[in-house]
Amino acid sequence: MPTTRLTFTGHDGAELAARLDMPEGPHLATALFAHCFTCSKDIPAARRIAARLAGAGIAVLRFDFTGLGHSEGEFENTTFSSNVGDLERAAEALEARGMAPSLLIGHSLGGAAVLRVAGRLASVKAVVTIGAPFDPGHVTHNFAGALERIAADGSAEVDLGGRPIRIGRAFVEDVSAAALAPDIAALKKALLILHAPLDEVVGIDNAAEIFRAARHPKSFVTLCNADHLVTRPEDAEYAAEVIAAWAARYLELRPPAPPPGAPEGIVRVSEADRDGFLQDINSGPRHHAVADEPRAYGGTDRGMSPYGFLSAGLGACTSMTIRMYARRKDWPLDHVRVDVSHDKVHAQDAGGASPEKVDRFIRTVFLEGDLSDEQRTRLLEIADKCPVHRTLEASSEIVTRAG
């Protein structure tokens, strides 16, 4: 999965650090991910969800809010509203790259932030929350013992999960005044709510309140046995699978059409990635495939290799020839499978005199059905009559085996 590091300007001019996870195949949509309170873009849940969505063709931008992770600025001076502002700047940065987000994903307080900002972003069609509070002020219970000091002194250091974080008075006042019910009711976007019944940080009742406030289309999926941070890999993978499947309905994830077909009788190969080896292949006007090389050879492994196609041609022709003969003879052949492997061997090993290497194709034919030994033997002999076999054997060795 290609990942690009980038920066963009946040709500107050600070440079915010981000990662853009791109699909290896066609780019079908873009998502913007907002992480939980005081977390970073690199928490395991965000990484795993981004990777899975990229695998489904959805690019994902995840970034550090002002004053967190690798971003500039002072967290002490941020508020819930400033986080929403950072999300708007992130969406603008994506739009400037021709990748305006159609999906918003928010975890915990980030979920509350995407619910607030979604109505302001025309490109967004769907919103996902993970363990999000219905009332953003819920977050203040994490530093209840310091609220008086924050109110009196303007800020105070709070221990959150073993990390000292300085919280400002403006943050407490802003988050306490934030009411999401009107934003949720006016969302006019598809909404998916993911929440764990055992979440001890943001209770499951928050999911119920969000669901009640939202209009359709809305969905709720429980993350059984997950914790608030979705730290277990299997929980994050499940959440990602659900998001990808759900989003497909609302984002219209249609891969781009293949290149225009070639004329009848022509196989046209067009380069699809000049930085790698991906090729678009059109056989006449109706059939499309892709070819590539393995990663070990500088490719991206998005299609069969050229030798893979060559082996496929031999295997397909062998199977068709056997079937055609058995059908003509009315023999009880239920199924044919042909396994083909390819390598290079010295010509002497193949019975030749040249010191050069030649191609060797090892073809294993599996025949299923109530066939006699004589019929099986004859069908293996027929395998050598296939036209592709005859084309290849002029310069290659083909070894046929019974499976």
# chains A, B, ... in the order shown; residues from 1 in each chain; ligands from 1
call {"tool": "residues_around", "arguments": {"residues": "segment 11-28 of chain A", "least_positions_apart": "3", "cutoff": "8 Å", "atoms": "only C-alpha atoms", "output": "ChimeraX atom specification"}}
result
/A:1-8,41,50-51,54-66,69-73,82,85-86,89,253-256,300,302
call {"tool": "write_last_selection", "arguments": {"atoms": "C-alpha atoms", "output": "CSV table (one decimal), in the first residue's frame"}}
result
chain,number,residue,atom,x,y,z
A,1,MET,CA,0.0,0.0,0.0
A,2,PRO,CA,1.7,3.3,-1.1
A,3,THR,CA,1.8,5.9,1.7
A,4,THR,CA,2.7,9.5,1.1
A,5,ARG,CA,3.7,11.9,3.8
A,6,LEU,CA,2.4,15.4,3.4
A,7,THR,CA,1.6,18.6,5.3
A,8,PHE,CA,-1.1,21.2,5.0
A,41,LYS,CA,-2.8,9.5,13.0
A,50,ALA,CA,-6.7,2.9,6.3
A,51,ALA,CA,-4.8,-0.1,4.9
A,54,ALA,CA,-6.9,1.4,0.5
A,55,GLY,CA,-7.1,-2.3,-0.5
A,56,ALA,CA,-10.8,-1.7,-1.5
A,57,GLY,CA,-9.8,1.3,-3.7
A,58,ILE,CA,-10.5,4.1,-1.1
A,59,ALA,CA,-7.6,6.5,-0.4
A,60,VAL,CA,-7.4,7.6,3.2
A,61,LEU,CA,-5.9,10.8,4.6
A,62,ARG,CA,-5.2,10.6,8.4
A,63,PHE,CA,-3.5,13.5,10.1
A,64,ASP,CA,-2.4,14.9,13.5
A,65,PHE,CA,-4.6,17.7,14.8
A,66,THR,CA,-2.9,20.9,15.9
A,69,GLY,CA,1.8,13.9,17.0
A,70,HIS,CA,4.1,15.5,14.4
A,71,SER,CA,2.0,18.6,13.8
A,72,GLU,CA,2.9,22.1,14.8
A,73,GLY,CA,1.1,24.2,17.3
A,82,SER,CA,-10.5,24.2,16.2
A,85,GLY,CA,-11.5,23.7,11.5
A,86,ASP,CA,-8.5,21.4,11.0
A,89,ARG,CA,-8.5,22.4,6.1
A,253,LEU,CA,-17.3,2.4,-6.0
A,254,ARG,CA,-17.1,1.7,-9.7
A,255,PRO,CA,-13.7,1.0,-11.1
A,256,PRO,CA,-12.8,3.0,-14.2
A,300,THR,CA,3.2,-4.2,-8.2
A,302,ARG,CA,-1.6,-6.6,-9.8
call {"tool": "closest_atom_pairs", "arguments": {"of": "segment 12-33 of chain A", "to": "segment 95-101 of chain A", "cutoff": "9 Å", "atoms": "only C-alpha atoms", "output": "Markdown table"}}
result
| residue | atom | partner | partner_atom | distance |
| --- | --- | --- | --- | --- |
| A:Ala29 | CA | A:Pro101 | CA | 7.3 |
| A:Thr30 | CA | A:Pro101 | CA | 4.8 |
| A:Ala31 | CA | A:Pro101 | CA | 5.2 |
| A:Leu32 | CA | A:Pro101 | CA | 6.2 |
call {"tool": "select_by_dssp", "arguments": {"residues": "segment 246-370 of chain A", "states": "strand (DSSP E or B)", "output": "PyMOL selection string"}}
result
chain A and resi 267-271+279-283+287-291+304+335-346+357-368
call {"tool": "residues_around", "arguments": {"residues": "segment 306-323 of chain A", "least_positions_apart": "2", "cutoff": "7 Å", "atoms": "only C-alpha atoms", "output": "list of chain:residue names"}}
result
A:Ala291, A:Met304, A:Tyr325, A:Ala326, A:Arg327, A:Val336, A:Arg337, A:Val338, A:Asp339, A:Val340, A:Ser341, A:Leu379, A:Ile382, A:Ala383, A:Cys386, A:Val388, A:His389
call {"tool": "closest_atom_pairs", "arguments": {"of": "segment 110-148 of chain A", "to": "segment 181-198 of chain A", "cutoff": "6 Å", "atoms": "only C-alpha atoms", "output": "JSON lines"}}
result
{"residue": "A:Arg116", "atom": "CA", "partner": "A:Asp183", "partner_atom": "CA", "distance": 5.8}
{"residue": "A:Gly119", "atom": "CA", "partner": "A:Leu187", "partner_atom": "CA", "distance": 5.6}
{"residue": "A:Lys125", "atom": "CA", "partner": "A:Lys189", "partner_atom": "CA", "distance": 5.4}
{"residue": "A:Ala126", "atom": "CA", "partner": "A:Ala190", "partner_atom": "CA", "distance": 4.6}
{"residue": "A:Val127", "atom": "CA", "partner": "A:Leu191", "partner_atom": "CA", "distance": 4.9}
{"residue": "A:Val128", "atom": "CA", "partner": "A:Leu192", "partner_atom": "CA", "distance": 4.7}
{"residue": "A:Thr129", "atom": "CA", "partner": "A:Ile193", "partner_atom": "CA", "distance": 5.1}
{"residue": "A:Ile130", "atom": "CA", "partner": "A:Leu194", "partner_atom": "CA", "distance": 4.7}
{"residue": "A:Gly131", "atom": "CA", "partner": "A:His195", "partner_atom": "CA", "distance": 4.7}
call {"tool": "atom_distance", "arguments": {"atom1": "atom CA of Val290 of chain A", "atom2": "atom CA of Phe277 of chain A"}}
result
10.2 Å
call {"tool": "residues_around", "arguments": {"residues": "segment 200-204 of chain A", "least_positions_apart": "6", "cutoff": "7 Å", "atoms": "only C-alpha atoms", "output": "ChimeraX atom specification"}}
result
/A:131-133,228
call {"tool": "write_last_selection", "arguments": {"atoms": "C-alpha atoms", "output": "PDB file, in the first residue's frame"}}
result
ATOM      1  CA  GLY A 131     -16.947   4.909  19.644  1.00  0.00           C
ATOM      2  CA  ALA A 132     -18.102   8.503  19.305  1.00  0.00           C
ATOM      3  CA  PRO A 133     -19.766  10.517  22.107  1.00  0.00           C
ATOM      4  CA  HIS A 228     -12.478   1.996  23.082  1.00  0.00           C
TER       5      HIS A 228
END
call {"tool": "closest_residue", "arguments": {"among": "A:Leu115, A:Ala296, A:Ala402, A:Leu380", "to": "Phe366 of chain A", "atoms": "only C-alpha atoms"}}
result
A:Ala402
call {"tool": "closest_residue", "arguments": {"among": "A:Glu209, A:Asp199, A:Ser283, A:Ala289", "to": "Pro263 of chain A", "atoms": "only C-alpha atoms"}}
result
A:Ser283
call {"tool": "residues_around", "arguments": {"residues": "Glu368 of chain A", "least_positions_apart": "6", "cutoff": "7 Å", "atoms": "only C-alpha atoms", "output": "count of residues only"}}
result
4
call {"tool": "residues_around", "arguments": {"residues": "Thr79 of chain A", "least_positions_apart": "3", "cutoff": "10 Å", "atoms": "only C-alpha atoms", "output": "MDAnalysis selection string"}}
result
chainID A and resid 66 75:76 82:85 167:175
